[in-house]
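Chemist: Pasting protein_22.tsv below, which is TSV, C-alpha atoms and all ligand atoms.
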chain	number	residue	atom	x	y	z
C	1	MET	CA	-124.85	83.09	-74.70
C	2	GLY	CA	-126.92	82.28	-71.63
C	3	LYS	CA	-130.02	84.07	-70.52
C	4	VAL	CA	-130.27	87.09	-68.27
C	5	ARG	CA	-132.77	86.36	-65.53
C	6	THR	CA	-133.89	87.42	-62.08
C	7	GLY	CA	-134.09	85.12	-59.09
C	8	LEU	CA	-135.70	86.92	-56.18
C	9	SER	CA	-138.15	86.20	-53.38
C	10	VAL	CA	-141.17	88.45	-53.64
C	11	SER	CA	-144.32	89.08	-51.64
C	12	LEU	CA	-147.73	88.84	-53.26
C	13	ASP	CA	-147.87	92.66	-53.30
C	14	GLY	CA	-144.60	92.83	-55.18
C	15	PHE	CA	-141.99	93.71	-52.56
C	16	ILE	CA	-138.56	92.10	-52.29
C	17	SER	CA	-137.99	93.54	-48.82
C	18	GLY	CA	-140.09	95.14	-46.13
C	19	PRO	CA	-140.01	98.85	-45.23
C	20	ASN	CA	-136.93	100.54	-43.75
C	21	ASP	CA	-134.20	98.16	-44.81
C	22	GLY	CA	-130.83	98.98	-43.31
C	23	PRO	CA	-127.92	97.51	-41.34
C	24	GLU	CA	-130.23	96.43	-38.50
C	25	ALA	CA	-132.77	94.83	-40.83
C	26	PRO	CA	-131.22	94.01	-44.23
C	27	MET	CA	-134.58	92.69	-45.49
C	28	GLY	CA	-136.59	95.53	-43.92
C	29	VAL	CA	-139.37	95.23	-41.37
C	30	GLY	CA	-141.07	91.86	-41.81
C	31	GLY	CA	-138.92	91.07	-44.83
C	32	GLU	CA	-137.47	87.94	-43.26
C	33	ARG	CA	-140.81	86.31	-44.12
C	34	LEU	CA	-139.63	86.31	-47.74
C	35	MET	CA	-136.89	83.85	-46.80
C	36	ALA	CA	-138.90	81.62	-44.45
C	37	TRP	CA	-139.50	79.05	-47.21
C	38	TYR	CA	-135.82	78.10	-47.07
C	39	ALA	CA	-136.62	76.47	-43.71
C	40	ALA	CA	-140.23	75.40	-44.26
C	41	GLY	CA	-139.86	71.94	-45.81
C	42	ASP	CA	-138.70	68.51	-44.74
C	43	ILE	CA	-135.98	67.81	-47.32
C	44	GLU	CA	-132.41	68.80	-46.57
C	45	TYR	CA	-130.77	70.81	-49.33
C	46	ARG	CA	-127.09	71.45	-48.70
C	47	LEU	CA	-125.35	74.16	-50.63
C	48	PRO	CA	-122.20	72.66	-52.11
C	49	GLU	CA	-118.96	74.31	-50.91
C	50	SER	CA	-120.85	75.83	-47.98
C	51	ASP	CA	-122.11	75.04	-44.48
C	52	MET	CA	-125.55	76.33	-45.37
C	53	VAL	CA	-128.38	73.82	-45.13
C	54	PHE	CA	-131.93	74.59	-46.23
C	55	MET	CA	-135.03	72.58	-45.33
C	56	VAL	CA	-137.35	72.68	-48.33
C	57	SER	CA	-139.80	70.57	-50.29
C	58	THR	CA	-138.55	68.04	-52.85
C	59	GLN	CA	-139.76	70.29	-55.66
C	60	THR	CA	-137.92	73.29	-54.24
C	61	ALA	CA	-134.74	71.27	-53.70
C	62	GLU	CA	-134.78	70.27	-57.38
C	63	TYR	CA	-135.44	73.86	-58.40
C	64	LEU	CA	-132.56	75.16	-56.25
C	65	ALA	CA	-130.19	72.52	-57.62
C	66	GLU	CA	-131.18	73.42	-61.18
C	67	THR	CA	-130.71	77.14	-60.49
C	68	ARG	CA	-127.27	76.47	-59.10
C	69	ALA	CA	-126.26	74.29	-62.03
C	70	THR	CA	-127.44	76.79	-64.64
C	71	THR	CA	-126.24	80.09	-63.16
C	72	GLY	CA	-122.78	81.20	-64.25
C	73	ALA	CA	-122.50	84.69	-62.81
C	74	LEU	CA	-124.48	87.38	-61.05
C	75	VAL	CA	-124.90	91.13	-61.39
C	76	PHE	CA	-126.10	92.90	-58.25
C	77	GLY	CA	-126.48	96.47	-57.08
C	78	ARG	CA	-124.32	97.91	-54.37
C	79	ARG	CA	-127.14	98.26	-51.82
C	80	THR	CA	-127.66	94.52	-51.71
C	81	PHE	CA	-123.91	93.93	-51.52
C	82	ASP	CA	-123.56	96.34	-48.58
C	83	LEU	CA	-126.67	95.13	-46.74
C	84	THR	CA	-125.52	91.50	-46.93
C	85	HIS	CA	-121.83	92.34	-46.29
C	86	GLY	CA	-121.01	90.61	-49.53
C	87	TRP	CA	-123.18	87.63	-48.60
C	88	GLY	CA	-120.72	86.98	-45.79
C	89	GLY	CA	-117.78	86.58	-48.16
C	90	LYS	CA	-119.19	84.84	-51.21
C	91	HIS	CA	-122.62	84.43	-52.77
C	92	PRO	CA	-124.41	81.17	-51.84
C	93	LEU	CA	-124.43	80.19	-55.53
C	94	ASP	CA	-120.61	80.36	-55.44
C	95	VAL	CA	-120.27	82.16	-58.77
C	96	PRO	CA	-118.52	85.44	-59.66
C	97	VAL	CA	-120.57	88.51	-58.73
C	98	PHE	CA	-120.33	91.82	-60.57
C	99	VAL	CA	-121.40	94.62	-58.25
C	100	LEU	CA	-122.64	97.85	-59.78
C	101	GLY	CA	-122.01	101.00	-57.78
C	102	GLY	CA	-120.52	104.44	-57.64
C	103	SER	CA	-117.40	103.46	-55.71
C	104	VAL	CA	-115.14	100.51	-55.00
C	105	PRO	CA	-114.96	99.11	-51.43
C	106	GLU	CA	-111.20	98.53	-51.38
C	107	GLU	CA	-111.35	95.96	-48.55
C	108	TRP	CA	-113.18	93.62	-50.93
C	109	VAL	CA	-110.58	93.89	-53.65
C	110	TYR	CA	-108.06	91.08	-53.22
C	111	GLU	CA	-106.58	88.20	-55.19
C	112	GLY	CA	-109.27	85.60	-55.69
C	113	SER	CA	-112.16	87.82	-54.58
C	114	PRO	CA	-115.47	86.59	-56.05
C	115	PHE	CA	-116.53	90.23	-56.44
C	116	THR	CA	-115.79	92.63	-59.26
C	117	PHE	CA	-116.88	96.22	-58.76
C	118	VAL	CA	-118.20	97.89	-61.87
C	119	MET	CA	-118.64	101.65	-62.11
C	120	ASP	CA	-119.08	102.07	-65.86
C	121	GLY	CA	-122.67	101.00	-66.20
C	122	LEU	CA	-125.05	98.08	-66.41
C	123	GLU	CA	-124.14	97.01	-69.92
C	124	SER	CA	-120.49	96.75	-68.92
C	125	ALA	CA	-121.39	94.65	-65.86
C	126	LEU	CA	-123.64	92.39	-67.92
C	127	GLY	CA	-120.99	92.01	-70.59
C	128	GLN	CA	-118.37	90.96	-68.06
C	129	ALA	CA	-120.82	88.59	-66.35
C	130	LYS	CA	-121.84	86.99	-69.65
C	131	ALA	CA	-118.21	86.49	-70.59
C	132	VAL	CA	-117.55	84.39	-67.49
C	133	ALA	CA	-120.97	82.68	-67.50
C	134	GLY	CA	-120.57	81.37	-71.06
C	135	GLU	CA	-123.58	79.19	-71.87
C	136	LYS	CA	-124.96	79.56	-68.35
C	137	ALA	CA	-127.38	82.25	-67.20
C	138	VAL	CA	-126.56	85.56	-65.59
C	139	GLY	CA	-128.73	86.29	-62.56
C	140	VAL	CA	-129.52	89.94	-61.83
C	141	GLY	CA	-130.78	91.85	-58.78
C	142	ALA	CA	-131.94	93.62	-56.90
C	143	ALA	CA	-134.88	95.83	-57.87
C	144	SER	CA	-132.91	98.73	-59.36
C	145	ILE	CA	-130.90	96.41	-61.61
C	146	VAL	CA	-133.94	94.39	-62.70
C	147	GLN	CA	-135.80	97.55	-63.63
C	148	GLN	CA	-132.88	98.86	-65.69
C	149	CYS	CA	-132.56	95.51	-67.46
C	150	ILE	CA	-136.25	95.55	-68.35
C	151	LYS	CA	-136.11	99.14	-69.60
C	152	LEU	CA	-133.11	98.35	-71.79
C	153	GLY	CA	-134.73	95.18	-73.14
C	154	LEU	CA	-131.91	93.08	-71.62
C	155	LEU	CA	-133.95	90.76	-69.40
C	156	ASP	CA	-134.89	87.37	-70.85
C	157	GLU	CA	-136.60	85.67	-67.92
C	158	ILE	CA	-138.18	86.57	-64.61
C	159	HIS	CA	-137.80	83.90	-61.94
C	160	LEU	CA	-139.79	84.72	-58.83
C	161	ASP	CA	-140.07	82.86	-55.57
C	162	LEU	CA	-143.56	84.06	-54.69
C	163	VAL	CA	-144.27	84.10	-50.97
C	164	PRO	CA	-147.82	84.24	-49.61
C	165	VAL	CA	-147.52	87.43	-47.61
C	166	LEU	CA	-148.53	91.06	-48.10
C	167	LEU	CA	-145.68	93.22	-46.83
C	168	GLY	CA	-147.49	96.51	-47.42
C	169	GLY	CA	-144.32	98.44	-48.28
C	170	GLY	CA	-140.60	98.17	-48.87
C	171	VAL	CA	-138.54	97.83	-52.03
C	172	SER	CA	-140.93	97.19	-54.90
C	173	LEU	CA	-139.53	94.94	-57.61
C	174	PHE	CA	-141.29	96.57	-60.52
C	175	ASP	CA	-141.59	100.16	-59.31
C	176	HIS	CA	-140.18	103.01	-61.39
C	177	LEU	CA	-140.40	101.07	-64.64
C	178	GLY	CA	-141.96	103.98	-66.47
C	179	ILE	CA	-142.66	101.85	-69.50
C	180	GLY	CA	-145.24	99.23	-70.34
C	181	PRO	CA	-147.16	97.16	-70.90
C	182	ILE	CA	-144.49	94.47	-71.09
C	183	ASP	CA	-145.89	91.10	-72.08
C	184	LEU	CA	-144.76	88.02	-70.24
C	185	GLU	CA	-145.34	84.34	-70.90
C	186	CYS	CA	-145.58	82.10	-67.86
C	187	THR	CA	-143.41	79.11	-68.72
C	188	ARG	CA	-143.29	77.27	-65.38
C	189	MET	CA	-144.98	77.05	-62.00
C	190	ILE	CA	-143.57	74.91	-59.21
C	191	GLY	CA	-145.46	74.62	-55.94
C	192	GLY	CA	-143.19	74.34	-52.91
C	193	THR	CA	-143.77	74.63	-49.18
C	194	GLY	CA	-144.40	78.28	-48.34
C	195	VAL	CA	-143.38	79.39	-51.83
C	196	THR	CA	-144.37	79.11	-55.47
C	197	HIS	CA	-141.54	79.27	-58.01
C	198	LEU	CA	-142.70	81.10	-61.11
C	199	THR	CA	-140.86	81.57	-64.39
C	200	PHE	CA	-141.87	84.09	-67.02
C	201	ARG	CA	-140.34	84.71	-70.42
C	202	VAL	CA	-140.13	88.38	-71.35
C	203	VAL	CA	-141.81	88.64	-74.73
C	204	LYS	CA	-139.61	90.73	-77.05
U	301	LIG	N1	-136.09	89.22	-51.86
U	301	LIG	C1	-134.89	88.92	-52.37
U	301	LIG	O1	-134.69	87.81	-52.93
U	301	LIG	C2	-133.80	89.93	-52.30
U	301	LIG	C3	-132.54	89.62	-52.84
U	301	LIG	C4	-131.56	90.59	-52.82
U	301	LIG	C5	-131.83	91.84	-52.25
U	301	LIG	N2	-133.04	92.07	-51.72
U	301	LIG	C6	-133.36	93.39	-51.12
U	301	LIG	O2	-133.34	94.35	-52.16
U	301	LIG	C7	-133.06	95.63	-51.59
U	301	LIG	C8	-131.97	96.31	-52.40
U	301	LIG	O3	-132.43	96.50	-53.70
U	301	LIG	P1	-132.36	97.93	-54.41
U	301	LIG	O4	-133.03	97.80	-55.71
U	301	LIG	O5	-132.82	98.97	-53.45
U	301	LIG	O6	-130.80	98.18	-54.54
U	301	LIG	P2	-129.64	97.40	-55.37
U	301	LIG	O7	-130.12	97.13	-56.75
U	301	LIG	O8	-129.16	96.26	-54.56
U	301	LIG	O9	-128.49	98.52	-55.37
U	301	LIG	C9	-128.74	99.80	-55.85
U	301	LIG	C10	-127.40	100.51	-56.01
U	301	LIG	O10	-126.68	99.89	-57.06
U	301	LIG	C11	-125.90	100.87	-57.73
U	301	LIG	N3	-126.33	100.94	-59.13
U	301	LIG	C12	-127.53	100.57	-59.65
U	301	LIG	N4	-127.53	100.75	-60.97
U	301	LIG	C13	-126.32	101.27	-61.30
U	301	LIG	C14	-125.72	101.65	-62.52
U	301	LIG	N5	-126.37	101.56	-63.70
U	301	LIG	N6	-124.46	102.14	-62.50
U	301	LIG	C15	-123.77	102.21	-61.32
U	301	LIG	N7	-124.29	101.85	-60.13
U	301	LIG	C16	-125.56	101.38	-60.13
U	301	LIG	C17	-126.13	102.18	-57.00
U	301	LIG	O11	-125.10	102.21	-56.01
U	301	LIG	P3	-124.37	103.55	-55.51
U	301	LIG	O12	-125.28	104.05	-54.45
U	301	LIG	O13	-123.04	103.08	-55.05
U	301	LIG	O14	-124.29	104.47	-56.69
U	301	LIG	C18	-127.48	101.97	-56.37
U	301	LIG	O15	-127.70	102.77	-55.24
U	301	LIG	C19	-132.65	95.37	-50.16
U	301	LIG	O16	-133.75	95.63	-49.30
U	301	LIG	C20	-132.34	93.88	-50.14
U	301	LIG	O17	-132.54	93.31	-48.86
U	301	LIG	C21	-134.03	91.16	-51.74
Show me, as structure tokens, the structure contained in the file I just sent.
Ligand SMILES: NC(=O)c1ccc[n+]([C@@H]2O[C@H](COP(=O)([O-])OP(=O)(O)OC[C@H]3O[C@@H](n4cnc5c(N)ncnc54)[C@H](OP(=O)(O)O)[C@@H]3O)[C@@H](O)[C@H]2O)c1

Modeler:
Amino acid sequence: MGKVRTGLSVSLDGFISGPNDGPEAPMGVGGERLMAWYAAGDIEYRLPESDMVFMVSTQTAEYLAETRATTGALVFGRRTFDLTHGWGGKHPLDVPVFVLGGSVPEEWVYEGSPFTFVMDGLESALGQAKAVAGEKAVGVGAASIVQQCIKLGLLDEIHLDLVPVLLGGGVSLFDHLGIGPIDLECTRMIGGTGVTHLTFRVVK
């Protein structure tokens, strides 16, 4: 079985979006700074099967390519799904996404949809995601899902794209944990342009 890991952009003060996220500002006030590194470099990284082109450093391009090659499925919470309008139709990683929530948005249920809506809990969503991911990793987000995974001892790795900004508020990645300390081992640091990619193993 593959690992369960996060893959989120985070400010130095620990926020994955700025304050007051909503339809007008899906990343909250100032939160777009967390994504600026996708356009901060001088190497073109094209997402396969997509029109999206990022401008990143060589190191970041390699990291993004590796993430894409090693991710088999995603589990996300319904707020992220709604705020991104289902990432415009499919997730940029182009893998099946299992969306946890309290209801099913029927307009997204159709033959061939990359989204499966799960209402019977995190472990069910993770189980379904692992089944399709096989040997590849399952990526999880956003904050509410990561926190539940940590509490249940289900998270293997924390991948963070650390952005040099203090947002001062917003959705905190590690808020509401209620348990700790949780030991982590830093297994990789990659310096990019406008971002540092950090990998931590959750010590179990
Ligand atoms: N920086 C980044 O890389 C990045 C990436 C993605 C998202 N984001 C940001 O993250 C924020 C959203 O994160 P979030 O933590 O607030 O919300 P979230 O994890 O995206 O979604 C939370 C929702 O998921 C559902 N849910 C969670 N656990 C569940 C469970 N065990 N069973 C059933 N349903 C469950 C609930 O939906 P119901 O309300 O339907 O019950 C809950 O309200 C947004 O601001 C977004 O822009 C940042």

Chemist: Need to verify the contact set: Thr193 in chain C, 7 Å, all atoms listed in the file, exclusion of same-chain residues closer than 2 positions in sequence. Can you return it as a ChimeraX atom specification?

Modeler: /C:37,40-41,56-57,191,195

Chemist: For Leu152 in chain C, find every residue with an atom within 12 Å (counting only C-alpha atoms), except residues of its own chain fewer than 6 positions away, and show them as a list of chain:residue names.

Modeler: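 What passes the distance filter is C:Leu122, C:Glu123, C:Leu126, C:Ile145, C:Val146, C:Leu177, C:Gly178, C:Ile179, C:Lys204.
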
Chemist: Would you save the residues from that selection as a short mmCIF file (atom, residue, chain, number, x, y, z; two decimals), in the frame of the given file, using C-alpha atoms?

Modeler:
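What landed in result-v8.cif:
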data_model
loop_
_atom_site.label_atom_id
_atom_site.label_comp_id
_atom_site.auth_asym_id
_atom_site.auth_seq_id
_atom_site.Cartn_x
_atom_site.Cartn_y
_atom_site.Cartn_z
CA LEU C 122 -125.05 98.08 -66.41
CA GLU C 123 -124.14 97.01 -69.92
CA LEU C 126 -123.64 92.39 -67.92
CA ILE C 145 -130.90 96.41 -61.61
CA VAL C 146 -133.94 94.39 -62.70
CA LEU C 177 -140.40 101.07 -64.64
CA GLY C 178 -141.96 103.98 -66.47
CA ILE C 179 -142.66 101.85 -69.50
CA LYS C 204 -139.61 90.73 -77.05
#

Chemist: So, with all atoms listed in the file as the atoms that count, which of C:Asp175, C:Asp94, C:Glu32, C:Asp183 lies closest to Ala69 in chain C?

Modeler: C:Asp94

Chemist: Return the single residue from C:Thr6, C:Ser124, C:Thr70, C:Thr80 that is closest to ligand LIG 301 (chain U), with distances computed using only C-alpha atoms and all ligand atoms.

Modeler: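 With only C-alpha atoms and all ligand atoms as the atom set, the closest residue is C:Thr80.
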
Chemist: With only C-alpha atoms and all ligand atoms counted, collect every polymer residue having an atom within 8 Å of ligand LIG 301 (chain U); state the result as an MDAnalysis selection string.

Modeler: chainID C and resid 7:10 15:18 21:22 26:28 31 34:35 76:81 83:84 99:103 118:122 141:146 148 161 170:173

Chemist: Interatomic distance between CA of Arg201 in chain C and CA of Asp156 in chain C?

Modeler: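 About the pair CA of Arg201 in chain C and CA of Asp156 in chain C: they are 6.1 Å apart.
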
Chemist: Would you mind telling me which residue in C:Gly86, C:Gly30, C:Pro48, C:Gly134 lies nearest to Val4 in chain C when using only C-alpha atoms?

Modeler: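 Nearest to Val4 in chain C: C:Gly134.
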
Chemist: My structure is short of atoms at range 139-162 of chain C; please model N, CA, C and O atoms there, returning them as a CSV table (one decimal), in the coordinates of the input.

Modeler:
chain,number,residue,atom,x,y,z
C,139,GLY,N,-127.7,85.9,-63.5
C,139,GLY,CA,-128.7,86.3,-62.6
C,139,GLY,C,-128.5,87.8,-62.2
C,139,GLY,O,-127.4,88.2,-62.0
C,140,VAL,N,-129.6,88.5,-62.1
C,140,VAL,CA,-129.5,89.9,-61.8
C,140,VAL,C,-130.4,90.3,-60.7
C,140,VAL,O,-131.5,89.8,-60.5
C,141,GLY,N,-130.0,91.3,-59.9
C,141,GLY,CA,-130.8,91.8,-58.8
C,141,GLY,C,-130.1,93.0,-58.2
C,141,GLY,O,-128.9,93.3,-58.5
C,142,ALA,N,-130.6,93.9,-57.3
C,142,ALA,CA,-131.9,93.6,-56.9
C,142,ALA,C,-132.9,94.5,-57.7
C,142,ALA,O,-132.7,94.6,-59.0
C,143,ALA,N,-133.8,95.2,-57.1
C,143,ALA,CA,-134.9,95.8,-57.9
C,143,ALA,C,-134.3,96.8,-58.9
C,143,ALA,O,-134.8,96.9,-60.0
C,144,SER,N,-133.4,97.7,-58.5
C,144,SER,CA,-132.9,98.7,-59.4
C,144,SER,C,-132.3,98.1,-60.6
C,144,SER,O,-132.4,98.7,-61.7
C,145,ILE,N,-131.6,97.0,-60.5
C,145,ILE,CA,-130.9,96.4,-61.6
C,145,ILE,C,-131.9,95.7,-62.5
C,145,ILE,O,-131.9,95.8,-63.8
C,146,VAL,N,-132.9,95.1,-61.9
C,146,VAL,CA,-133.9,94.4,-62.7
C,146,VAL,C,-134.7,95.4,-63.5
C,146,VAL,O,-135.0,95.2,-64.7
C,147,GLN,N,-135.0,96.5,-62.9
C,147,GLN,CA,-135.8,97.6,-63.6
C,147,GLN,C,-135.0,98.1,-64.8
C,147,GLN,O,-135.5,98.3,-65.9
C,148,GLN,N,-133.7,98.4,-64.6
C,148,GLN,CA,-132.9,98.9,-65.7
C,148,GLN,C,-132.8,97.8,-66.8
C,148,GLN,O,-132.8,98.2,-68.0
C,149,CYS,N,-132.6,96.6,-66.4
C,149,CYS,CA,-132.6,95.5,-67.5
C,149,CYS,C,-133.8,95.5,-68.3
C,149,CYS,O,-133.8,95.3,-69.5
C,150,ILE,N,-135.0,95.6,-67.6
C,150,ILE,CA,-136.2,95.6,-68.4
C,150,ILE,C,-136.3,96.7,-69.3
C,150,ILE,O,-136.7,96.6,-70.5
C,151,LYS,N,-136.0,97.9,-68.8
C,151,LYS,CA,-136.1,99.1,-69.6
C,151,LYS,C,-135.2,99.0,-70.8
C,151,LYS,O,-135.6,99.5,-71.9
C,152,LEU,N,-134.1,98.4,-70.7
C,152,LEU,CA,-133.1,98.4,-71.8
C,152,LEU,C,-133.4,97.1,-72.7
C,152,LEU,O,-132.6,96.9,-73.6
C,153,GLY,N,-134.4,96.4,-72.3
C,153,GLY,CA,-134.7,95.2,-73.1
C,153,GLY,C,-133.7,94.1,-73.0
C,153,GLY,O,-133.5,93.2,-73.9
C,154,LEU,N,-133.0,94.0,-71.8
C,154,LEU,CA,-131.9,93.1,-71.6
C,154,LEU,C,-132.3,91.9,-70.8
C,154,LEU,O,-131.5,91.0,-70.6
C,155,LEU,N,-133.5,91.9,-70.3
C,155,LEU,CA,-134.0,90.8,-69.4
C,155,LEU,C,-134.7,89.7,-70.2
C,155,LEU,O,-135.6,90.0,-71.0
C,156,ASP,N,-134.3,88.5,-70.1
C,156,ASP,CA,-134.9,87.4,-70.8
C,156,ASP,C,-135.9,86.6,-70.0
C,156,ASP,O,-137.0,86.2,-70.6
C,157,GLU,N,-135.7,86.5,-68.8
C,157,GLU,CA,-136.6,85.7,-67.9
C,157,GLU,C,-136.7,86.3,-66.5
C,157,GLU,O,-135.8,86.8,-66.0
C,158,ILE,N,-137.9,86.1,-66.0
C,158,ILE,CA,-138.2,86.6,-64.6
C,158,ILE,C,-138.5,85.3,-63.8
C,158,ILE,O,-139.5,84.6,-64.0
C,159,HIS,N,-137.6,85.0,-62.9
C,159,HIS,CA,-137.8,83.9,-61.9
C,159,HIS,C,-138.2,84.5,-60.6
C,159,HIS,O,-137.4,85.4,-60.1
C,160,LEU,N,-139.3,84.2,-60.1
C,160,LEU,CA,-139.8,84.7,-58.8
C,160,LEU,C,-140.1,83.6,-57.9
C,160,LEU,O,-140.7,82.6,-58.3
C,161,ASP,N,-139.7,83.8,-56.6
C,161,ASP,CA,-140.1,82.9,-55.6
C,161,ASP,C,-141.2,83.6,-54.8
C,161,ASP,O,-140.9,84.5,-54.0
C,162,LEU,N,-142.4,83.3,-55.2
C,162,LEU,CA,-143.6,84.1,-54.7
C,162,LEU,C,-144.0,83.5,-53.3
C,162,LEU,O,-144.3,82.4,-53.1
